[in-house]
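> Below is a structure I'd like to ask you about.
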Amino acid sequence: MRTRRELLHSSAALALIYALPAGLIGSARAQAQDEIARPLDVPYVPTPVPVVDAMLDLAKVVKSDIVYDLGCGDGRIVVRAASRFGCRGVGVDLNPERVKEAKANAARAGVAELTRFEVGDVFEFDFSGATVVTMYLLPSVNLKLRPRLLKELKPGTRLVSHDFHMGDWAPQTTREVGRSRIYLWTIPPRT
Ligand SMILES: C[S@@+](CC[C@H](N)C(=O)[O-])C[C@H]1O[C@@H](n2cnc3c(N)ncnc32)[C@H](O)[C@@H]1O
């Protein structure tokens with residue numbers, strides 16, 4: 001059976017093919033994407049709840065934290081953090097459908113006041129207010145974001161990634177949760 005990691009990689013490959021000009025591909029894709037500003041860098045594959053909990057535990061989230069999920073999907077990481085710890089959270093996703101779902105999930109969980117979800121591109125979004133950042137993207141996307149994460153996040157901010165590494169930036173800790181691996185880094189002091 002294929003793992004979620006393989007699924008995400010192969011879905012990403014498909015997404016890249018589909019990202020070719022719409023005229024080459026036909027109208028079906030154009031219709032499916034008509035509300036999305038540009039092709040997604042990563043397809044939607046949700047993190048299982050036990051992995052979400054393990055990510056929040058690895059980051060040692062507390063009430064005073066502000067948790068940002070970059071590419072937030074249905075908002076499950078931010079909603080879970082607010083529900084478990086009473087902390088604030090922000091999610092951003094390029095897909096407006098996901099953001100709608102995230103807002104509905106926050107309202108259902110009674111944490112709408114603690115959370116904010118926005119349609120946006122992780123490469124342009126201001127995440128400097130975070131004390132914890134979570135990501136379930138792809139290695140290439142992590143690497144592209146890495147210089148901004150190191151420059152714009154406050155020293156001491158914890159960064160947790162589901163399944164994917166940061167190249168030669170060695171993680172402090174990794175943990176296996178079922179079929180997933182999660183990684184933790186802390187933004188170092190400025191030199
Ligand atoms: C693998 S899913 C992870 C969803 C959620 N973080 C979770 O762990 O359950 C990746 C998400 O990133 C979003 N995404 C892809 N490219 C993006 C971009 N450039 N900016 C913002 N979101 C993006 C997708 O729409 C998708 O919801």
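Ordering of the structure tokens sets the chain letters (A, B, ...); residue numbers start at 1 within each chain; ligands are numbered from 1 in the order shown.
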Hey, which residues sit close to ligand 1? Say within 8 Å, counting only C-alpha atoms and all ligand atoms, and write them as a ChimeraX atom specification.
/A:8,39-48,52,69-77,92-95,98,119-123,134-138,162
> Per DSSP on the backbone, filter chain A down to the residues in alpha helix (DSSP H) and report them as a ChimeraX atom specification.
/A:4-18,22-25,27-32,49-58,76-85,96-108,139-152
> Please provide the set of residues having any atom within 12 Å of A:Pro147, restricted to only C-alpha atoms, with same-chain residues fewer than 2 positions apart removed, written as a PyMOL selection string.
chain A and resi 123+141-145+149-153+166-167+169+187
> In Å, with one decimal, what is the gap from atom CA of A:Ser64 to atom CA of A:Thr131?
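Spanning atom CA of A:Ser64 to atom CA of A:Thr131 is a straight-line distance of 8.9 Å.
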> Restricting the calculation to only C-alpha atoms, which member of A:Phe125, A:Pro189, A:Val79, A:Pro50 is positioned closest to A:Ala104?
A:Val79
> If I take atom CA of A:Ser83 and atom CA of A:Gly110, how far is one from the other in Å, to one decimal?
7.8 Å
> Pick out the residues sitting within 12 Å of A:Arg84, and hand them over as a list of chain:residue names; count only C-alpha atoms, and ignore anything fewer than 2 positions along from it in its own chain.
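The contact residues come out as A:Val52, A:Asp53, A:Leu56, A:Asp57, A:Lys60, A:Val61, A:Val62, A:Lys63, A:Asp65, A:Arg76, A:Ile77, A:Val78, A:Val79, A:Arg80, A:Ala81, A:Ala82, A:Gly86, A:Cys87, A:Arg88, A:Gly89, A:Ala109, A:Gly110, A:Val111, A:Leu114.
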> Atom CA of A:Lys154 and atom CA of A:Ile66 are how many Å apart?
12.0 Å
> Would you mind telling me which residue in A:Val177, A:Pro139, A:Arg190, A:Ser128 lies nearest to A:Pro155 when using only C-alpha atoms?
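Closest to A:Pro155, using only C-alpha atoms: A:Arg190.
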> Identify, with DSSP run on backbone atoms, the residues in chain A assigned to strand (DSSP E or B), and express the list as number ranges by chain.
A: 66-70, 88-93, 115-119, 132-135, 158-162, 173-177, 180-186
